[in-house]
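Asks: Please find one structure pasted underneath; my questions will follow.
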Amino acid sequence: MTADAPVGRAAVPAADSDSGFGELRGGNLGVRIASDAAEVDAVQALRYQVFYGEMGAVPSAEAARTGRDTDRFDEVADHLLVVDHAIGPGPEGVVGTYRLIRQPAADRIGRFYSADEYDIAPIIGFPGHVLELGRSCVHPAYRNRAAMQLLWRGIAAYVFLHRIDLMFGCASLPGTDPDALAEELTWLYHNHLAPPALRPRALPHRYVEMRRRDPAALDARRVVARLPPLIKGYLRLGGFVGDGAVIDRQFNTTDVAIVVKTDLVTDKYYRHYERQVRDALD
């Protein structure tokens with residue numbers, strides 16, 4: 001999760017004028033793309049609360065002063081929001097977020113965020129539309145199935161709207177001691193390694209070996225139970241991991257590269273919520 005030098009408190013969203021898809025609802029909760037700078041500011045405040053307040057990330061002086069997690073990628077990204085309408089329909093109701101970056105947006109910056117940690121040449125060379133996912137977080141009071149399902153429904157609608165073929169990004173395990181995460185890293189490598197044509201590899205100066213235990217000695221059920229929910233969600237959708245972990249000391253995490261072909265995402269969520277997704281895209 002290495003952050004760039006901070007930018008202003010809120011960037012104007014962003015990638016282009018056709019990035020949104022309306023709103024999908026589930027009870028009081030709705031999911032949609034941020035529509036103005038105030039909503040992006042609310043996203044950055046929520047990210048600061050989660051990453052720095054809970055997870056032990058080390059803020060820059062500017063981040064500590066503003067109480068915002070920002071970087072230059074916010075300026076070009078689309079920000080997926082979960083909003084609790086019982087609190088309010090705008091920035092005051094933001095309780096969850098995902099940052100979405102497509103190739104045209106990355107081109108405006110000159111690279112994808114993940115390129116700070118991984119050689120993503122296989123992703124860039126993929127013959128289809130790609131989407132980078134990142135900066136996912138949910139307010140502690142909303143860490144339940146409803147909020148996560150809404151985020152995935154929003155991603156599925158976005159994938160349909162922009163005809164995304166492949167999603168990727170960096171997912172985090174807590175802490176910066178790879179030996180404490182040895183079983184998880186070993187299990188991910190031996191059970192979910194991406195095929196060579198889609199396999200990111202940690203940059204040489206950041207590469208941390210994932211094969212740290214005898215895979216035959218692992219208790220798979222115990223290892224899976226310890227994985228962060230987000231990583232388990234990617235794996236349930238048929239996701240893969242790249243070669244090598246990366247230590248991110250600023251964010252107090254150990255990162256792995258994730259690659260997900262979108263057919264399973266869209267099949268699962270589009271079929272189940274077909275009418276809502278179709279209405280949101282109209």
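For the structure tokens, the naming scheme is as follows: chains receive sequential letters (A, B, ...) according to their order of presentation, residues are indexed from 1 within each chain, and ligands are indexed from 1 in presentation order.
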Please list as a list in words every residue within 9 Å of range 129-133 of chain A, counting only C-alpha atoms and excluding residues in the same chain fewer than 3 positions away.
Replies: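 Final neighbour list, sorted by chain and number: Tyr98, Arg99, Leu100, Ile101, Arg102, Gln103, Phe112, Tyr113, Ser114, Ile123, Ile124, Phe126, Ser136, Val159, His162, Arg163, Ile164, Asp165, Leu166, Met167, Phe168, Gly169 and Cys170 of chain A.
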Asks: Next, the residues of the selection above should be written as a compact mmCIF listing (two decimals), in the first residue's frame with N, CA and C atoms.
Replies:
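Once written, result.txt looks like this:
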```txt
# COMPACT_ATOMS: atom_id res chain seq x y z
N TYR A 98 -14.02 1.45 -2.27
CA TYR A 98 -13.02 0.75 -3.09
C TYR A 98 -12.51 1.75 -4.11
N ARG A 99 -11.22 1.73 -4.39
CA ARG A 99 -10.67 2.61 -5.42
C ARG A 99 -10.47 1.82 -6.71
N LEU A 100 -10.99 2.36 -7.81
CA LEU A 100 -10.99 1.68 -9.10
C LEU A 100 -10.20 2.51 -10.11
N ILE A 101 -9.21 1.88 -10.74
CA ILE A 101 -8.36 2.59 -11.71
C ILE A 101 -8.30 1.78 -12.99
N ARG A 102 -8.77 2.36 -14.08
CA ARG A 102 -8.70 1.72 -15.41
C ARG A 102 -7.46 2.20 -16.15
N GLN A 103 -7.17 1.56 -17.26
CA GLN A 103 -5.97 1.89 -18.02
C GLN A 103 -5.91 3.37 -18.43
N PHE A 112 0.21 2.27 -12.99
CA PHE A 112 -0.72 1.80 -11.98
C PHE A 112 -0.05 1.85 -10.60
N TYR A 113 -0.85 1.93 -9.57
CA TYR A 113 -0.34 1.94 -8.20
C TYR A 113 0.48 0.69 -7.91
N SER A 114 0.01 -0.47 -8.35
CA SER A 114 0.68 -1.74 -8.04
C SER A 114 2.10 -1.81 -8.59
N ILE A 123 0.12 -8.18 -16.79
CA ILE A 123 -1.21 -7.58 -16.71
C ILE A 123 -1.38 -6.52 -17.81
N ILE A 124 -0.38 -5.67 -17.94
CA ILE A 124 -0.45 -4.62 -18.96
C ILE A 124 -0.56 -5.22 -20.35
N PHE A 126 -2.05 -7.96 -21.13
CA PHE A 126 -3.24 -8.80 -21.28
C PHE A 126 -4.13 -8.26 -22.39
N SER A 136 -9.34 -0.60 -0.36
CA SER A 136 -10.65 -1.04 0.12
C SER A 136 -10.72 -0.93 1.63
N VAL A 159 -17.74 -3.41 -13.79
CA VAL A 159 -17.09 -4.31 -14.74
C VAL A 159 -17.92 -4.46 -16.01
N HIS A 162 -17.86 -1.11 -18.13
CA HIS A 162 -16.61 -0.81 -18.82
C HIS A 162 -15.99 -2.03 -19.50
N ARG A 163 -16.72 -3.14 -19.51
CA ARG A 163 -16.28 -4.35 -20.21
C ARG A 163 -14.89 -4.78 -19.75
N ILE A 164 -14.72 -4.81 -18.44
CA ILE A 164 -13.44 -5.20 -17.84
C ILE A 164 -13.27 -6.71 -17.96
N ASP A 165 -12.08 -7.13 -18.37
CA ASP A 165 -11.78 -8.55 -18.52
C ASP A 165 -10.93 -9.11 -17.38
N LEU A 166 -10.14 -8.25 -16.75
CA LEU A 166 -9.20 -8.71 -15.73
C LEU A 166 -9.07 -7.64 -14.65
N MET A 167 -9.17 -8.08 -13.39
CA MET A 167 -8.96 -7.18 -12.26
C MET A 167 -7.68 -7.60 -11.53
N PHE A 168 -7.01 -6.63 -10.94
CA PHE A 168 -5.78 -6.94 -10.21
C PHE A 168 -5.55 -5.87 -9.15
N GLY A 169 -4.60 -6.13 -8.29
CA GLY A 169 -4.25 -5.16 -7.26
C GLY A 169 -3.40 -5.80 -6.19
N CYS A 170 -3.13 -5.06 -5.14
CA CYS A 170 -2.38 -5.56 -3.99
C CYS A 170 -3.35 -5.76 -2.83
```
Asks: Using DSSP secondary structure from the backbone, list all strand (DSSP E) positions within range 47-118 of chain A, as a ChimeraX atom specification.
Replies: /A:78-84,94-102,118
Asks: Can you pull out the residues contacting Val241 in chain A? Cut-off 12 Å, using only C-alpha atoms, and skip same-chain residues under 2 positions away; I want them as a PyMOL selection string.
Replies: chain A and resi 118+167-172+184-196+198-202+210+231-232+234-235+238-239+243-245+255-260
Asks: Those residues you just picked out, can you put them in a file as a PDB file, in the first residue's frame with C-alpha atoms?
Replies:
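Dumped everything to result-v9.pdb:
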```
ATOM      1  CA  TYR A 118       5.215  -5.584  -8.632  1.00  0.00           C
ATOM      2  CA  MET A 167      -8.957  -7.183 -12.258  1.00  0.00           C
ATOM      3  CA  PHE A 168      -5.778  -6.937 -10.208  1.00  0.00           C
ATOM      4  CA  GLY A 169      -4.248  -5.160  -7.260  1.00  0.00           C
ATOM      5  CA  CYS A 170      -2.380  -5.563  -3.993  1.00  0.00           C
ATOM      6  CA  ALA A 171      -4.110  -7.215  -1.029  1.00  0.00           C
ATOM      7  CA  SER A 172      -2.720  -6.992   2.483  1.00  0.00           C
ATOM      8  CA  GLU A 184      -0.502 -18.123   4.872  1.00  0.00           C
ATOM      9  CA  LEU A 185       2.118 -17.086   2.309  1.00  0.00           C
ATOM     10  CA  THR A 186       3.181 -20.673   1.666  1.00  0.00           C
ATOM     11  CA  TRP A 187      -0.411 -21.841   1.257  1.00  0.00           C
ATOM     12  CA  LEU A 188      -1.265 -19.017  -1.140  1.00  0.00           C
ATOM     13  CA  TYR A 189       1.804 -19.730  -3.290  1.00  0.00           C
ATOM     14  CA  HIS A 190       1.248 -23.477  -3.551  1.00  0.00           C
ATOM     15  CA  ASN A 191      -2.530 -23.364  -4.017  1.00  0.00           C
ATOM     16  CA  HIS A 192      -3.326 -20.136  -5.858  1.00  0.00           C
ATOM     17  CA  LEU A 193      -0.262 -19.063  -7.857  1.00  0.00           C
ATOM     18  CA  ALA A 194      -1.257 -17.289 -11.059  1.00  0.00           C
ATOM     19  CA  PRO A 195      -0.401 -18.973 -14.361  1.00  0.00           C
ATOM     20  CA  PRO A 196       2.763 -17.547 -15.952  1.00  0.00           C
ATOM     21  CA  LEU A 198      -0.933 -13.566 -15.771  1.00  0.00           C
ATOM     22  CA  ARG A 199       1.647 -13.688 -12.978  1.00  0.00           C
ATOM     23  CA  PRO A 200       2.935 -10.444 -11.450  1.00  0.00           C
ATOM     24  CA  ARG A 201       6.268 -10.757  -9.667  1.00  0.00           C
ATOM     25  CA  ALA A 202       7.464  -8.614  -6.782  1.00  0.00           C
ATOM     26  CA  MET A 210       6.463 -16.794  -0.062  1.00  0.00           C
ATOM     27  CA  ILE A 231      -8.267 -12.191   0.232  1.00  0.00           C
ATOM     28  CA  LYS A 232     -10.685 -15.051   0.894  1.00  0.00           C
ATOM     29  CA  TYR A 234     -10.872 -12.945  -4.133  1.00  0.00           C
ATOM     30  CA  LEU A 235     -10.014 -16.633  -3.879  1.00  0.00           C
ATOM     31  CA  GLY A 238     -11.169 -17.877  -8.628  1.00  0.00           C
ATOM     32  CA  GLY A 239      -8.458 -15.309  -7.947  1.00  0.00           C
ATOM     33  CA  ASP A 243       5.062 -14.473  -7.096  1.00  0.00           C
ATOM     34  CA  GLY A 244       6.593 -12.855  -4.035  1.00  0.00           C
ATOM     35  CA  ALA A 245       5.230 -10.828  -1.142  1.00  0.00           C
ATOM     36  CA  ASP A 255       1.157  -7.389   0.478  1.00  0.00           C
ATOM     37  CA  VAL A 256       0.433 -10.018  -2.136  1.00  0.00           C
ATOM     38  CA  ALA A 257      -0.553  -9.371  -5.741  1.00  0.00           C
ATOM     39  CA  ILE A 258      -4.057 -10.509  -6.679  1.00  0.00           C
ATOM     40  CA  VAL A 259      -5.348 -11.291 -10.178  1.00  0.00           C
ATOM     41  CA  VAL A 260      -9.023 -12.092 -10.897  1.00  0.00           C
TER      42      VAL A 260
END
```
Asks: Would you pick out the contacts of Val94 in chain A at 7 Å or less, using only C-alpha atoms, so that residues sharing its chain but fewer than 6 positions from it are not included, and give the list as a list in words?
Replies: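 With the cut-off at 7 Å, the set is Ala42, Val43, Leu81, Val82, Val83 and Asp84 of chain A.
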Asks: Put those residues in a file: N, CA and C atoms, as a CSV table (one decimal), in the first residue's frame.
Replies:
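Full text of again-v5.csv as output:
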```csv
chain,number,residue,atom,x,y,z
A,42,ALA,N,-14.7,12.4,2.0
A,42,ALA,CA,-15.2,11.5,3.0
A,42,ALA,C,-14.5,10.1,2.8
A,43,VAL,N,-14.3,9.7,1.6
A,43,VAL,CA,-13.5,8.4,1.4
A,43,VAL,C,-12.1,8.5,2.0
A,81,LEU,N,-18.4,3.9,-3.5
A,81,LEU,CA,-18.9,4.2,-2.2
A,81,LEU,C,-20.0,3.3,-1.7
A,82,VAL,N,-20.0,2.9,-0.5
A,82,VAL,CA,-21.2,2.4,0.2
A,82,VAL,C,-21.7,3.5,1.1
A,83,VAL,N,-22.9,3.9,0.9
A,83,VAL,CA,-23.5,5.0,1.6
A,83,VAL,C,-24.7,4.5,2.5
A,84,ASP,N,-24.7,4.9,3.7
A,84,ASP,CA,-25.9,4.6,4.6
A,84,ASP,C,-26.9,5.7,4.5
```
Asks: Could you pull out the alpha helix (DSSP H) residues of range 143-197 of chain A, going by DSSP on the backbone, and write them as a ChimeraX atom specification?
Replies: /A:145-162,182-192
Asks: Using C-alpha atoms, can you write the selected residues to a file as a PDB file, in the first residue's frame?
Replies:
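And here is the file that came out, out.pdb:
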```pdb
ATOM      1  CA  ARG A 145     -22.093  -9.425   4.745  1.00  0.00           C
ATOM      2  CA  ALA A 146     -24.492  -6.718   3.541  1.00  0.00           C
ATOM      3  CA  ALA A 147     -21.841  -4.049   3.042  1.00  0.00           C
ATOM      4  CA  MET A 148     -19.350  -6.398   1.384  1.00  0.00           C
ATOM      5  CA  GLN A 149     -22.001  -7.796  -0.935  1.00  0.00           C
ATOM      6  CA  LEU A 150     -22.921  -4.272  -1.974  1.00  0.00           C
ATOM      7  CA  LEU A 151     -19.294  -3.465  -2.765  1.00  0.00           C
ATOM      8  CA  TRP A 152     -19.044  -6.562  -4.946  1.00  0.00           C
ATOM      9  CA  ARG A 153     -22.340  -5.751  -6.649  1.00  0.00           C
ATOM     10  CA  GLY A 154     -20.964  -2.312  -7.403  1.00  0.00           C
ATOM     11  CA  ILE A 155     -17.761  -3.790  -8.799  1.00  0.00           C
ATOM     12  CA  ALA A 156     -19.784  -6.213 -10.939  1.00  0.00           C
ATOM     13  CA  ALA A 157     -21.858  -3.340 -12.369  1.00  0.00           C
ATOM     14  CA  TYR A 158     -18.697  -1.319 -13.035  1.00  0.00           C
ATOM     15  CA  VAL A 159     -17.087  -4.312 -14.744  1.00  0.00           C
ATOM     16  CA  PHE A 160     -20.117  -4.692 -17.020  1.00  0.00           C
ATOM     17  CA  LEU A 161     -20.271  -0.988 -17.792  1.00  0.00           C
ATOM     18  CA  HIS A 162     -16.609  -0.813 -18.818  1.00  0.00           C
ATOM     19  CA  ALA A 182       4.732 -18.045   6.786  1.00  0.00           C
ATOM     20  CA  GLU A 183       1.851 -20.511   6.651  1.00  0.00           C
ATOM     21  CA  GLU A 184      -0.502 -18.123   4.872  1.00  0.00           C
ATOM     22  CA  LEU A 185       2.118 -17.086   2.309  1.00  0.00           C
ATOM     23  CA  THR A 186       3.181 -20.673   1.666  1.00  0.00           C
ATOM     24  CA  TRP A 187      -0.411 -21.841   1.257  1.00  0.00           C
ATOM     25  CA  LEU A 188      -1.265 -19.017  -1.140  1.00  0.00           C
ATOM     26  CA  TYR A 189       1.804 -19.730  -3.290  1.00  0.00           C
ATOM     27  CA  HIS A 190       1.248 -23.477  -3.551  1.00  0.00           C
ATOM     28  CA  ASN A 191      -2.530 -23.364  -4.017  1.00  0.00           C
ATOM     29  CA  HIS A 192      -3.326 -20.136  -5.858  1.00  0.00           C
TER      30      HIS A 192
END
```
Asks: Counting only C-alpha atoms, what is within 8 Å of Gly175 in chain A, bar same-chain residues fewer than 3 positions away, as a list in words?
Replies: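 Everything that qualifies: Asn252, Thr253 and Thr254 of chain A.
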Asks: With C-alpha atoms kept, could you save the residues just selected as a short mmCIF file (atom, residue, chain, number, x, y, z; two decimals), in the first residue's frame?
Replies:
```cif
data_model
loop_
_atom_site.label_atom_id
_atom_site.label_comp_id
_atom_site.auth_asym_id
_atom_site.auth_seq_id
_atom_site.Cartn_x
_atom_site.Cartn_y
_atom_site.Cartn_z
CA ASN A 252 2.13 -2.07 8.56
CA THR A 253 1.21 -4.80 6.08
CA THR A 254 2.60 -7.60 3.97
#
```
Asks: Expressed in Å to a single decimal, how great is the separation between CA of Glu75 in chain A and CA of Gly134 in chain A?
Replies: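 So the answer is 14.0 Å.
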Asks: Could you please determine the separation between CA of Arg32 in chain A and CA of Asp69 in chain A in Å, to one decimal place?
Replies: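 Here the two named atoms are 20.4 Å from each other.
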Asks: I'd like the interatomic distance between CA of Arg213 in chain A and CA of Pro229 in chain A, to a tenth of an Å.
Replies: 22.4 Å
